[in-house]
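Notes to accompany the following structure.
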Amino acid sequence: MLHVKDLKVAIDNQTILDGLNLDIKKGEVHAIMGPNGVGKSTLAKVISAHPAYEVLGGSIHYKGQDILAMDVAQRALEGIFLAFQAPIEIPGVNNMYFLKQAYNAKRAKQGLDEMSAVDFLKLVKEKTAKLGIKADVFKRDLNVGFSGGEKKQNEMLQMSILEPELFLLDEIDSGLDVDALKSVAQGVNKLLDKNRSVLLITHYQRMLEYIQPDFVHILHNGRIARSGDISLAREIEKNGYAMLEDVRSVS
Amino acid sequence: MSENQVVNDILDKEYALGFTTQIDSDTAPKGLDKTILDFISAKKDEPQWMLERRYKALDIWQKMQEPSWANLEYPPINYQDISYFSAPKKKLDSLDEVDPEILSTYEKLGIPLEEQKVLAGVAVDAVFDSVSVKTTFEKQLKDKGIIFCSISEAVKNNRDLVEQYLFSVVPMNDNYFAALNAAVFTDGTFVYIPKGVRCPMELSTYFRINAVGTGQFERTLIIADEGSYVSYNEGCSAPTRDENQLHAAVVELIALKDAQINYSTIQNWYPGDENGKGGIYNFVTKRGICKGANAKISWTQVETGSAITWKYPSCILAGDNSVGEFYSIAVASRAQQADTGSKMIHVGKNTKSTIISKGVSAMRGLNAYRGMVKVGSNAKGARNFTQCDSLIIGANARAHTYPYIDVHNASANVEHEATTSKISDEQLFYLMQRGLREEDAVSMIVNGFCKEVLGKLPMEFAMEARELLNVTLEGSVG
């Protein structure tokens, strides 16, 4: 599904990723962990073509295709979805209208007609019921005045409507209490199947109790320093990221 | 593609209404003196008293100086190099006699003069250059006692009303452009709504500048008698030409006791090219007076065209408890300059005014909000709320805000809020990450920014405005 090779990335002339390799197969859940500022979010943003980041070298293949030349929207329409850590507020843009436009952009890409407003509302009702969230909140302006939990739920709703194949979840646990975290994680789990893959970015191991990863990677010095299974996350939880310094001295 | 490039492409779409119509015109020689006034007055078959007023206005104008206080830059206008009158040659009695070329021009403009408008319930007074070509719905309106005709007809047929109210809100000596208009005004609309009558349809006028090198100087007068209501829509476009054309219009609104006037404008005159070549110079004086108690005047404008816009629709709130409103969207892209805003003059007690201004600047556009809120010493309990937001797209666009507040009564409550924002990369990234193309994302953000004002426009007009702002309409409301 996703094949990242020797990726080098800079922002404002400062190198963030420096030869990162990562392979995600269909149906797999990968967690990326690491201390603050190590470039975890950078990885998610580069995969989704954020214009602020400069790719200095390496390649990103998605579904067998080199995607580096594609812009943000093109990659999104190919099925890459980034769930934001802090979804931005856009005043005056109705949340439902936005979602409908996004959904119809996807339909257009698939050669389908636009869905009518009535049918779309039905779809939203169905999805929100499945996710166990209330639709009323989402009739306001896009993320404007949403609580932290509502913003994350809105990301979930978008995800469930747009049905992406590659989920990039960027610290979606930040700012959530345990109950909200559980509900968001359950939402994600409901969307997953053997054809969809996840790149889960998180600080803390607790998220991994709810969305269980097949692989855990530790990002350090711009590349994957260690890979393992859930036990690696538990080790980090116990010993902190300080142990990575030893790793570096070894490598 | 950079953000600027995309935005420029979107905003730089070719001016779609830039066609000209080949018809024989009856055009006055260039220049301005008494003989031109005689020419205009004779062409319009005016009574002598009107001609006398024109002489007086010319006299006033000749002693005035062109104002220079606005934040606008343009080469000096040679007022002797303009033709002040242009009219289609044929005399017109009915629609059948209207030059088919003119009708097809209207079609291109998307003004359905006939059935569609009947269905839409809109009466149109179409002004083609300087002569009102055709007035629809006049009869239906007449049955209610409503007068909806060209100002030239009103000068002839409704002398009492015209004499009483013309120049009563915008006097001849109000400003340089108002004086010029008073001397040479060619046509425009006259509306009178009798006591207690609610005008059953939206009234609408389309202005269009067609002939080369002509200015358009229309004058509109709307009188809403006690307890009446009218909603009036004005739309404008002009052909693409290299030279700059002058447009100096005057609009006067009079709302008597308990009356309400809603006045909406979509101004889409040719904006000139990206180097500032060509385009309309739009110097307009619009003012309304709430003469009686509980009267209300509401201005809504969407200004997307013109090379230069100089325009401050205003309200004099004379009657107690009267209300004035101003809702504005002004877009300045390419090399456009807009200096626009409103004046709210509180005279009566418990008068209330609202100003909501949304300025969008893109490319090398310059957008200035200029507003004045004045509370007189007798205006006990006056309230004003002003909100003035600017959205800047790209690195070369500019926005300025010049609010003037002048309060002479301690019980007044005047609020002013202002924001300036840029379309951020993060907003674009978010929308595009959900699959929207960059241009759709930009227009979605711009529309969101203007939403409050778009919502104030009559439905049909709002649609046109949204299209102008490059947006799909469907579903965005509510």
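Following the order of the structure tokens, first chain is A, next is B, and so on, with residues numbered from 1 inside each chain and ligands from 1 in the order they appear.
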May I have a table of the residues of chain A lying at most 7 Å from chain B, giving each one's closest pair of atoms and their distance in Å to one decimal, counting only C-alpha atoms, ordered by chain and ascending residue number, as CSV?
```
residue,atom,partner,partner_atom,distance
A:His50,CA,B:Phe429,CA,6.6
A:Val72,CA,B:Gln433,CA,5.6
A:Ala73,CA,B:Gly435,CA,4.4
A:Gln74,CA,B:Gly435,CA,6.8
A:Ala76,CA,B:Gly435,CA,5.1
A:Leu77,CA,B:Gly435,CA,5.3
A:Phe81,CA,B:Gln433,CA,6.9
A:Ile88,CA,B:Gln427,CA,6.4
A:Ile90,CA,B:Gln427,CA,6.9
A:Pro91,CA,B:Gly448,CA,6.0
A:Gly92,CA,B:Gly448,CA,3.7
A:Val93,CA,B:Gly448,CA,4.6
A:Asn94,CA,B:Ser476,CA,6.5
A:Tyr97,CA,B:Ser476,CA,5.6
A:Ala102,CA,B:Gly435,CA,5.6
A:Ala105,CA,B:Gly435,CA,6.2
A:Lys106,CA,B:Gly435,CA,6.8
```
Among the residues of segment 265-434 of chain B, find those DSSP assigns to strand (DSSP E) from the backbone and print them as a CSV table (one decimal) with N, CA and C atoms, in the first residue's frame.
```csv
chain,number,residue,atom,x,y,z
B,265,THR,N,-27.2,46.3,-4.6
B,265,THR,CA,-26.4,46.6,-5.8
B,265,THR,C,-25.5,45.4,-6.1
B,266,ILE,N,-25.4,45.0,-7.3
B,266,ILE,CA,-24.3,44.2,-7.7
B,266,ILE,C,-23.6,45.0,-8.8
B,267,GLN,N,-22.4,45.4,-8.5
B,267,GLN,CA,-21.6,46.3,-9.4
B,267,GLN,C,-20.5,45.5,-10.0
B,268,ASN,N,-20.6,45.2,-11.3
B,268,ASN,CA,-19.7,44.4,-12.0
B,268,ASN,C,-19.2,45.1,-13.3
B,279,GLY,N,-11.1,50.1,-17.8
B,279,GLY,CA,-11.9,49.9,-16.6
B,279,GLY,C,-12.7,51.2,-16.3
B,280,ILE,N,-13.7,51.0,-15.5
B,280,ILE,CA,-14.6,52.1,-15.2
B,280,ILE,C,-14.1,52.8,-13.9
B,281,TYR,N,-14.3,54.1,-14.0
B,281,TYR,CA,-14.0,55.0,-12.8
B,281,TYR,C,-15.4,55.2,-12.2
B,282,ASN,N,-15.7,54.7,-11.1
B,282,ASN,CA,-17.0,54.6,-10.5
B,282,ASN,C,-17.1,55.6,-9.3
B,283,PHE,N,-17.6,56.8,-9.6
B,283,PHE,CA,-17.7,57.7,-8.5
B,283,PHE,C,-19.2,58.0,-8.2
B,284,VAL,N,-19.6,57.4,-7.1
B,284,VAL,CA,-21.1,57.3,-6.9
B,284,VAL,C,-21.5,57.9,-5.5
B,285,THR,N,-22.5,58.7,-5.5
B,285,THR,CA,-23.0,59.2,-4.3
B,285,THR,C,-24.4,58.6,-4.0
B,286,LYS,N,-24.5,57.8,-3.0
B,286,LYS,CA,-25.7,57.1,-2.6
B,286,LYS,C,-26.1,57.5,-1.2
B,287,ARG,N,-27.3,58.0,-1.0
B,287,ARG,CA,-27.7,58.4,0.3
B,287,ARG,C,-29.2,58.3,0.5
B,288,GLY,N,-29.5,57.9,1.7
B,288,GLY,CA,-31.0,57.8,2.0
B,288,GLY,C,-31.3,58.5,3.3
B,289,ILE,N,-32.5,59.0,3.4
B,289,ILE,CA,-32.9,59.6,4.6
B,289,ILE,C,-34.1,58.9,5.2
B,290,CYS,N,-34.0,58.5,6.4
B,290,CYS,CA,-35.2,58.0,7.2
B,290,CYS,C,-35.9,59.3,7.7
B,296,LYS,N,-36.9,52.7,7.9
B,296,LYS,CA,-35.7,51.9,7.8
B,296,LYS,C,-35.2,51.9,6.4
B,297,ILE,N,-33.9,52.1,6.3
B,297,ILE,CA,-33.2,52.0,5.0
B,297,ILE,C,-32.0,51.0,5.1
B,298,SER,N,-32.0,50.1,4.1
B,298,SER,CA,-31.0,49.0,4.2
B,298,SER,C,-30.2,49.0,2.8
B,299,TRP,N,-28.9,49.2,2.9
B,299,TRP,CA,-28.1,49.1,1.7
B,299,TRP,C,-27.4,47.8,1.7
B,300,THR,N,-27.4,47.1,0.6
B,300,THR,CA,-26.5,45.9,0.4
B,300,THR,C,-25.8,46.1,-0.9
B,301,GLN,N,-24.5,45.9,-0.9
B,301,GLN,CA,-23.7,46.0,-2.1
B,301,GLN,C,-22.7,44.9,-2.3
B,302,VAL,N,-22.6,44.5,-3.5
B,302,VAL,CA,-21.5,43.6,-3.9
B,302,VAL,C,-20.7,44.3,-5.0
B,303,GLU,N,-19.5,44.7,-4.6
B,303,GLU,CA,-18.7,45.5,-5.6
B,303,GLU,C,-17.6,44.6,-6.1
B,308,ILE,N,-11.8,51.8,-10.5
B,308,ILE,CA,-11.8,52.6,-9.3
B,308,ILE,C,-13.2,52.7,-8.7
B,309,THR,N,-13.4,52.4,-7.4
B,309,THR,CA,-14.7,52.6,-6.8
B,309,THR,C,-14.6,53.6,-5.7
B,310,TRP,N,-15.4,54.6,-5.7
B,310,TRP,CA,-15.5,55.7,-4.7
B,310,TRP,C,-16.9,55.8,-4.4
B,311,LYS,N,-17.3,55.2,-3.2
B,311,LYS,CA,-18.7,55.0,-3.0
B,311,LYS,C,-19.0,54.8,-1.5
B,314,SER,N,-25.0,55.9,2.3
B,314,SER,CA,-25.2,56.4,3.7
B,314,SER,C,-26.6,56.6,4.1
B,315,CYS,N,-26.8,56.7,5.4
B,315,CYS,CA,-28.2,56.9,5.9
B,315,CYS,C,-28.2,58.1,6.8
B,316,ILE,N,-29.2,59.0,6.6
B,316,ILE,CA,-29.4,60.0,7.6
B,316,ILE,C,-30.6,59.6,8.4
B,317,LEU,N,-30.4,59.3,9.7
B,317,LEU,CA,-31.5,58.8,10.5
B,317,LEU,C,-32.1,59.9,11.3
B,323,VAL,N,-33.9,53.2,11.5
B,323,VAL,CA,-32.8,52.2,11.4
B,323,VAL,C,-32.1,52.3,10.1
B,324,GLY,N,-30.8,52.3,10.1
B,324,GLY,CA,-30.0,52.3,8.9
B,324,GLY,C,-29.1,51.1,8.9
B,325,GLU,N,-28.9,50.5,7.7
B,325,GLU,CA,-28.1,49.3,7.6
B,325,GLU,C,-27.2,49.4,6.4
B,326,PHE,N,-26.0,48.9,6.5
B,326,PHE,CA,-25.1,48.8,5.3
B,326,PHE,C,-24.4,47.5,5.4
B,327,TYR,N,-24.6,46.7,4.3
B,327,TYR,CA,-23.9,45.4,4.2
B,327,TYR,C,-23.1,45.4,2.9
B,328,SER,N,-21.8,45.2,3.0
B,328,SER,CA,-21.0,45.3,1.8
B,328,SER,C,-20.0,44.2,1.6
B,329,ILE,N,-19.9,43.8,0.4
B,329,ILE,CA,-18.7,43.0,0.0
B,329,ILE,C,-18.0,43.8,-1.1
B,330,ALA,N,-16.7,44.0,-0.9
B,330,ALA,CA,-16.0,44.7,-2.0
B,330,ALA,C,-14.8,43.9,-2.3
B,331,VAL,N,-14.6,43.5,-3.6
B,331,VAL,CA,-13.5,42.8,-4.0
B,331,VAL,C,-12.6,43.6,-4.9
B,332,ALA,N,-11.3,43.7,-4.6
B,332,ALA,CA,-10.4,44.4,-5.4
B,332,ALA,C,-9.3,43.4,-5.8
B,337,GLN,N,-8.9,49.4,-7.5
B,337,GLN,CA,-8.8,50.2,-6.2
B,337,GLN,C,-10.2,50.5,-5.8
B,338,ALA,N,-10.5,50.1,-4.5
B,338,ALA,CA,-11.8,50.4,-4.0
B,338,ALA,C,-11.7,51.2,-2.7
B,339,ASP,N,-12.3,52.4,-2.7
B,339,ASP,CA,-12.4,53.1,-1.4
B,339,ASP,C,-13.9,53.2,-1.2
B,340,THR,N,-14.4,52.4,-0.3
B,340,THR,CA,-15.8,52.4,-0.1
B,340,THR,C,-16.2,52.1,1.4
B,343,LYS,N,-21.7,56.1,5.6
B,343,LYS,CA,-21.9,57.1,6.7
B,343,LYS,C,-23.2,56.8,7.3
B,344,MET,N,-23.2,56.9,8.6
B,344,MET,CA,-24.5,56.8,9.4
B,344,MET,C,-24.6,58.0,10.2
B,345,ILE,N,-25.6,58.8,9.9
B,345,ILE,CA,-25.8,60.1,10.6
B,345,ILE,C,-27.0,60.0,11.5
B,346,HIS,N,-26.7,59.9,12.8
B,346,HIS,CA,-27.8,59.7,13.8
B,346,HIS,C,-28.3,61.1,14.2
B,352,LYS,N,-30.8,53.6,15.2
B,352,LYS,CA,-29.9,52.4,15.3
B,352,LYS,C,-29.3,52.2,13.9
B,353,SER,N,-28.0,51.9,13.9
B,353,SER,CA,-27.4,51.6,12.6
B,353,SER,C,-26.4,50.4,12.7
B,354,THR,N,-26.3,49.7,11.6
B,354,THR,CA,-25.4,48.6,11.5
B,354,THR,C,-24.5,48.7,10.3
B,355,ILE,N,-23.3,48.5,10.4
B,355,ILE,CA,-22.4,48.5,9.2
B,355,ILE,C,-21.6,47.1,9.2
B,356,ILE,N,-21.8,46.3,8.2
B,356,ILE,CA,-21.0,45.1,8.1
B,356,ILE,C,-20.3,45.2,6.8
B,357,SER,N,-19.0,45.3,6.8
B,357,SER,CA,-18.2,45.4,5.6
B,357,SER,C,-17.2,44.3,5.4
B,358,LYS,N,-17.2,43.7,4.3
B,358,LYS,CA,-16.2,42.6,4.0
B,358,LYS,C,-15.4,43.0,2.8
B,359,GLY,N,-14.2,43.2,3.0
B,359,GLY,CA,-13.3,43.6,1.9
B,359,GLY,C,-12.3,42.4,1.5
B,360,VAL,N,-12.3,42.1,0.2
B,360,VAL,CA,-11.4,41.1,-0.2
B,360,VAL,C,-10.4,41.7,-1.2
B,361,SER,N,-9.1,41.6,-0.8
B,361,SER,CA,-8.1,42.1,-1.7
B,361,SER,C,-7.2,41.0,-2.3
B,362,ALA,N,-7.0,41.0,-3.6
B,362,ALA,CA,-6.2,39.9,-4.2
B,362,ALA,C,-5.3,40.5,-5.3
B,366,LEU,N,-6.3,47.0,-4.1
B,366,LEU,CA,-6.3,47.9,-2.9
B,366,LEU,C,-7.7,48.1,-2.5
B,367,ASN,N,-8.0,47.7,-1.2
B,367,ASN,CA,-9.3,47.8,-0.7
B,367,ASN,C,-9.3,48.7,0.5
B,368,ALA,N,-10.0,49.8,0.5
B,368,ALA,CA,-10.0,50.6,1.7
B,368,ALA,C,-11.5,50.7,2.2
B,369,TYR,N,-11.7,50.5,3.5
B,369,TYR,CA,-13.0,50.8,4.1
B,369,TYR,C,-12.9,52.2,4.7
B,370,ARG,N,-13.9,53.0,4.4
B,370,ARG,CA,-13.9,54.3,5.0
B,370,ARG,C,-15.3,54.5,5.5
B,371,GLY,N,-15.5,54.7,6.7
B,371,GLY,CA,-16.8,54.8,7.3
B,371,GLY,C,-16.9,55.9,8.3
B,372,MET,N,-18.1,56.5,8.4
B,372,MET,CA,-18.3,57.5,9.4
B,372,MET,C,-19.6,57.3,10.2
B,373,VAL,N,-19.4,57.3,11.5
B,373,VAL,CA,-20.6,57.2,12.4
B,373,VAL,C,-20.7,58.5,13.1
B,374,LYS,N,-21.8,59.2,12.9
B,374,LYS,CA,-21.9,60.5,13.6
B,374,LYS,C,-23.2,60.5,14.4
B,375,VAL,N,-23.1,60.9,15.7
B,375,VAL,CA,-24.2,61.0,16.5
B,375,VAL,C,-24.4,62.4,17.0
B,383,ARG,N,-27.6,54.0,18.7
B,383,ARG,CA,-26.7,52.8,18.7
B,383,ARG,C,-26.1,52.6,17.4
B,384,ASN,N,-24.9,52.2,17.4
B,384,ASN,CA,-24.3,51.8,16.1
B,384,ASN,C,-23.4,50.6,16.4
B,385,PHE,N,-23.4,49.6,15.4
B,385,PHE,CA,-22.5,48.5,15.5
B,385,PHE,C,-21.8,48.4,14.1
B,386,THR,N,-20.5,48.5,14.1
B,386,THR,CA,-19.7,48.4,12.9
B,386,THR,C,-18.8,47.2,13.0
B,387,GLN,N,-18.8,46.4,11.9
B,387,GLN,CA,-17.9,45.3,11.8
B,387,GLN,C,-17.2,45.4,10.5
B,388,CYS,N,-15.9,45.3,10.5
B,388,CYS,CA,-15.2,45.6,9.3
B,388,CYS,C,-14.1,44.6,9.1
B,389,ASP,N,-14.3,43.7,8.2
B,389,ASP,CA,-13.3,42.6,8.0
B,389,ASP,C,-12.6,42.6,6.7
B,390,SER,N,-11.4,42.4,6.7
B,390,SER,CA,-10.6,42.3,5.5
B,390,SER,C,-9.9,41.0,5.3
B,391,LEU,N,-10.0,40.5,4.1
B,391,LEU,CA,-9.4,39.2,3.8
B,391,LEU,C,-8.3,39.5,2.7
B,392,ILE,N,-7.1,39.1,2.9
B,392,ILE,CA,-6.1,39.4,1.9
B,392,ILE,C,-5.6,38.1,1.3
B,393,ILE,N,-5.5,38.1,0.0
B,393,ILE,CA,-5.0,36.9,-0.7
B,393,ILE,C,-3.8,37.2,-1.4
B,398,ARG,N,-3.6,44.7,-0.8
B,398,ARG,CA,-3.5,45.6,0.4
B,398,ARG,C,-5.0,45.9,0.9
B,399,ALA,N,-5.0,46.1,2.2
B,399,ALA,CA,-6.3,46.5,2.8
B,399,ALA,C,-6.1,47.6,3.8
B,400,HIS,N,-7.0,48.6,3.8
B,400,HIS,CA,-6.9,49.6,4.8
B,400,HIS,C,-8.3,49.9,5.4
B,401,THR,N,-8.3,50.4,6.6
B,401,THR,CA,-9.5,50.7,7.3
B,401,THR,C,-9.5,52.1,7.9
B,402,TYR,N,-10.4,53.0,7.5
B,402,TYR,CA,-10.5,54.3,8.0
B,402,TYR,C,-11.8,54.6,8.7
B,403,PRO,N,-12.0,54.3,9.9
B,403,PRO,CA,-13.2,54.6,10.6
B,403,PRO,C,-13.2,56.0,11.3
B,404,TYR,N,-14.3,56.7,11.1
B,404,TYR,CA,-14.4,58.0,11.8
B,404,TYR,C,-15.6,57.9,12.7
B,405,ILE,N,-15.4,58.2,13.9
B,405,ILE,CA,-16.5,58.2,14.9
B,405,ILE,C,-16.6,59.6,15.5
B,406,ASP,N,-17.8,60.1,15.5
B,406,ASP,CA,-18.0,61.5,16.0
B,406,ASP,C,-19.3,61.5,16.8
B,407,VAL,N,-19.1,61.6,18.1
B,407,VAL,CA,-20.3,61.4,19.0
B,407,VAL,C,-20.6,62.7,19.8
B,413,ASN,N,-24.3,54.6,22.0
B,413,ASN,CA,-23.5,53.4,22.2
B,413,ASN,C,-22.9,53.0,20.8
B,414,VAL,N,-21.6,53.2,20.6
B,414,VAL,CA,-21.0,53.0,19.3
B,414,VAL,C,-20.0,51.9,19.4
B,415,GLU,N,-20.1,50.9,18.6
B,415,GLU,CA,-19.1,49.8,18.7
B,415,GLU,C,-18.5,49.6,17.3
B,416,HIS,N,-17.2,49.4,17.4
B,416,HIS,CA,-16.5,49.1,16.1
B,416,HIS,C,-15.5,47.9,16.3
B,417,GLU,N,-15.7,47.0,15.4
B,417,GLU,CA,-14.8,45.8,15.4
B,417,GLU,C,-14.2,45.7,14.0
B,418,ALA,N,-12.9,45.3,14.0
B,418,ALA,CA,-12.3,45.2,12.7
B,418,ALA,C,-11.3,44.0,12.8
B,419,THR,N,-11.3,43.2,11.7
B,419,THR,CA,-10.3,42.1,11.6
B,419,THR,C,-9.6,42.1,10.3
B,420,THR,N,-8.4,41.7,10.2
B,420,THR,CA,-7.7,41.5,8.9
B,420,THR,C,-7.2,40.1,9.0
B,421,SER,N,-7.4,39.3,7.9
B,421,SER,CA,-6.9,38.0,7.9
B,421,SER,C,-6.4,37.6,6.5
B,422,LYS,N,-5.6,36.6,6.5
B,422,LYS,CA,-5.1,36.1,5.2
B,422,LYS,C,-5.7,34.7,5.0
```
Those in segment 3-44 of chain A with alpha helix (DSSP H) from DSSP, as an MDAnalysis selection string: chainID A and resid 40:44
Interatomic distance, atom CA of Tyr192 of chain B to atom CA of Asn173 of chain B (Å, one decimal): 24.6 Å
Distance query Ile77 of chain B at most 10 Å, only C-alpha atoms, self and fewer than 4 positions along chain excluded, as a PDB file with N, CA, C and O atoms, in the first residue's frame:
```pdb
ATOM      1  N   GLU B  66     -12.056  68.727  -7.778  1.00  0.00           N
ATOM      2  CA  GLU B  66     -12.166  67.276  -7.642  1.00  0.00           C
ATOM      3  C   GLU B  66     -11.523  66.863  -6.316  1.00  0.00           C
ATOM      4  O   GLU B  66     -10.419  67.291  -6.010  1.00  0.00           O
ATOM      5  N   ASP B  81     -13.121  65.812 -22.369  1.00  0.00           N
ATOM      6  CA  ASP B  81     -12.869  64.772 -23.369  1.00  0.00           C
ATOM      7  C   ASP B  81     -13.924  63.651 -23.275  1.00  0.00           C
ATOM      8  O   ASP B  81     -13.700  62.533 -23.707  1.00  0.00           O
ATOM      9  N   ILE B  82     -15.031  63.967 -22.650  1.00  0.00           N
ATOM     10  CA  ILE B  82     -16.072  62.969 -22.437  1.00  0.00           C
ATOM     11  C   ILE B  82     -17.331  63.419 -23.162  1.00  0.00           C
ATOM     12  O   ILE B  82     -17.641  64.617 -23.181  1.00  0.00           O
ATOM     13  N   ASN B 244     -10.499  54.437 -20.036  1.00  0.00           N
ATOM     14  CA  ASN B 244     -11.292  54.455 -18.821  1.00  0.00           C
ATOM     15  C   ASN B 244     -12.571  55.231 -19.075  1.00  0.00           C
ATOM     16  O   ASN B 244     -12.576  56.217 -19.782  1.00  0.00           O
ATOM     17  N   GLN B 245     -13.651  54.743 -18.517  1.00  0.00           N
ATOM     18  CA  GLN B 245     -14.909  55.449 -18.668  1.00  0.00           C
ATOM     19  C   GLN B 245     -15.386  55.913 -17.305  1.00  0.00           C
ATOM     20  O   GLN B 245     -15.193  55.236 -16.300  1.00  0.00           O
ATOM     21  N   LEU B 246     -16.018  57.063 -17.323  1.00  0.00           N
ATOM     22  CA  LEU B 246     -16.455  57.672 -16.070  1.00  0.00           C
ATOM     23  C   LEU B 246     -17.918  57.339 -15.801  1.00  0.00           C
ATOM     24  O   LEU B 246     -18.752  57.403 -16.690  1.00  0.00           O
ATOM     25  N   TYR B 281     -14.250  54.137 -14.009  1.00  0.00           N
ATOM     26  CA  TYR B 281     -14.050  54.965 -12.822  1.00  0.00           C
ATOM     27  C   TYR B 281     -15.439  55.205 -12.231  1.00  0.00           C
ATOM     28  O   TYR B 281     -16.262  55.877 -12.825  1.00  0.00           O
TER      29      TYR B 281
END
```
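Using only C-alpha atoms, the residues found no farther than 9 Å from Gln85 of chain A, other than those of its own chain fewer than 5 positions away, are Ser41, Lys152, Leu169, Asp170, Glu171, Ile172, Asp173, Ser174 and Gly175 of chain A.
Residue nearest Asp18 of chain A, chosen from A:Leu176, A:Ala225, A:Ala44, A:Ala49 and counting only C-alpha atoms: A:Ala225.
The list of residues with at least one atom within 10 Å of Leu68 of chain A, based on only C-alpha atoms and without residues fewer than 5 positions apart in the same chain, reads Val46, Ile47, Ser48, Ala49, Val55, Gly58, Ser59, Ile60, His61, Tyr62 and Arg75 of chain A.
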Nearest-residue call for Ala178 of chain B, choices B:Glu73, B:Glu46, B:Glu163, B:Glu252, using only C-alpha atoms: B:Glu252
From A:Lys134, A:Lys63, A:Arg206, A:Lys40, residue lying nearest Leu219 of chain A [only C-alpha atoms]: A:Lys40
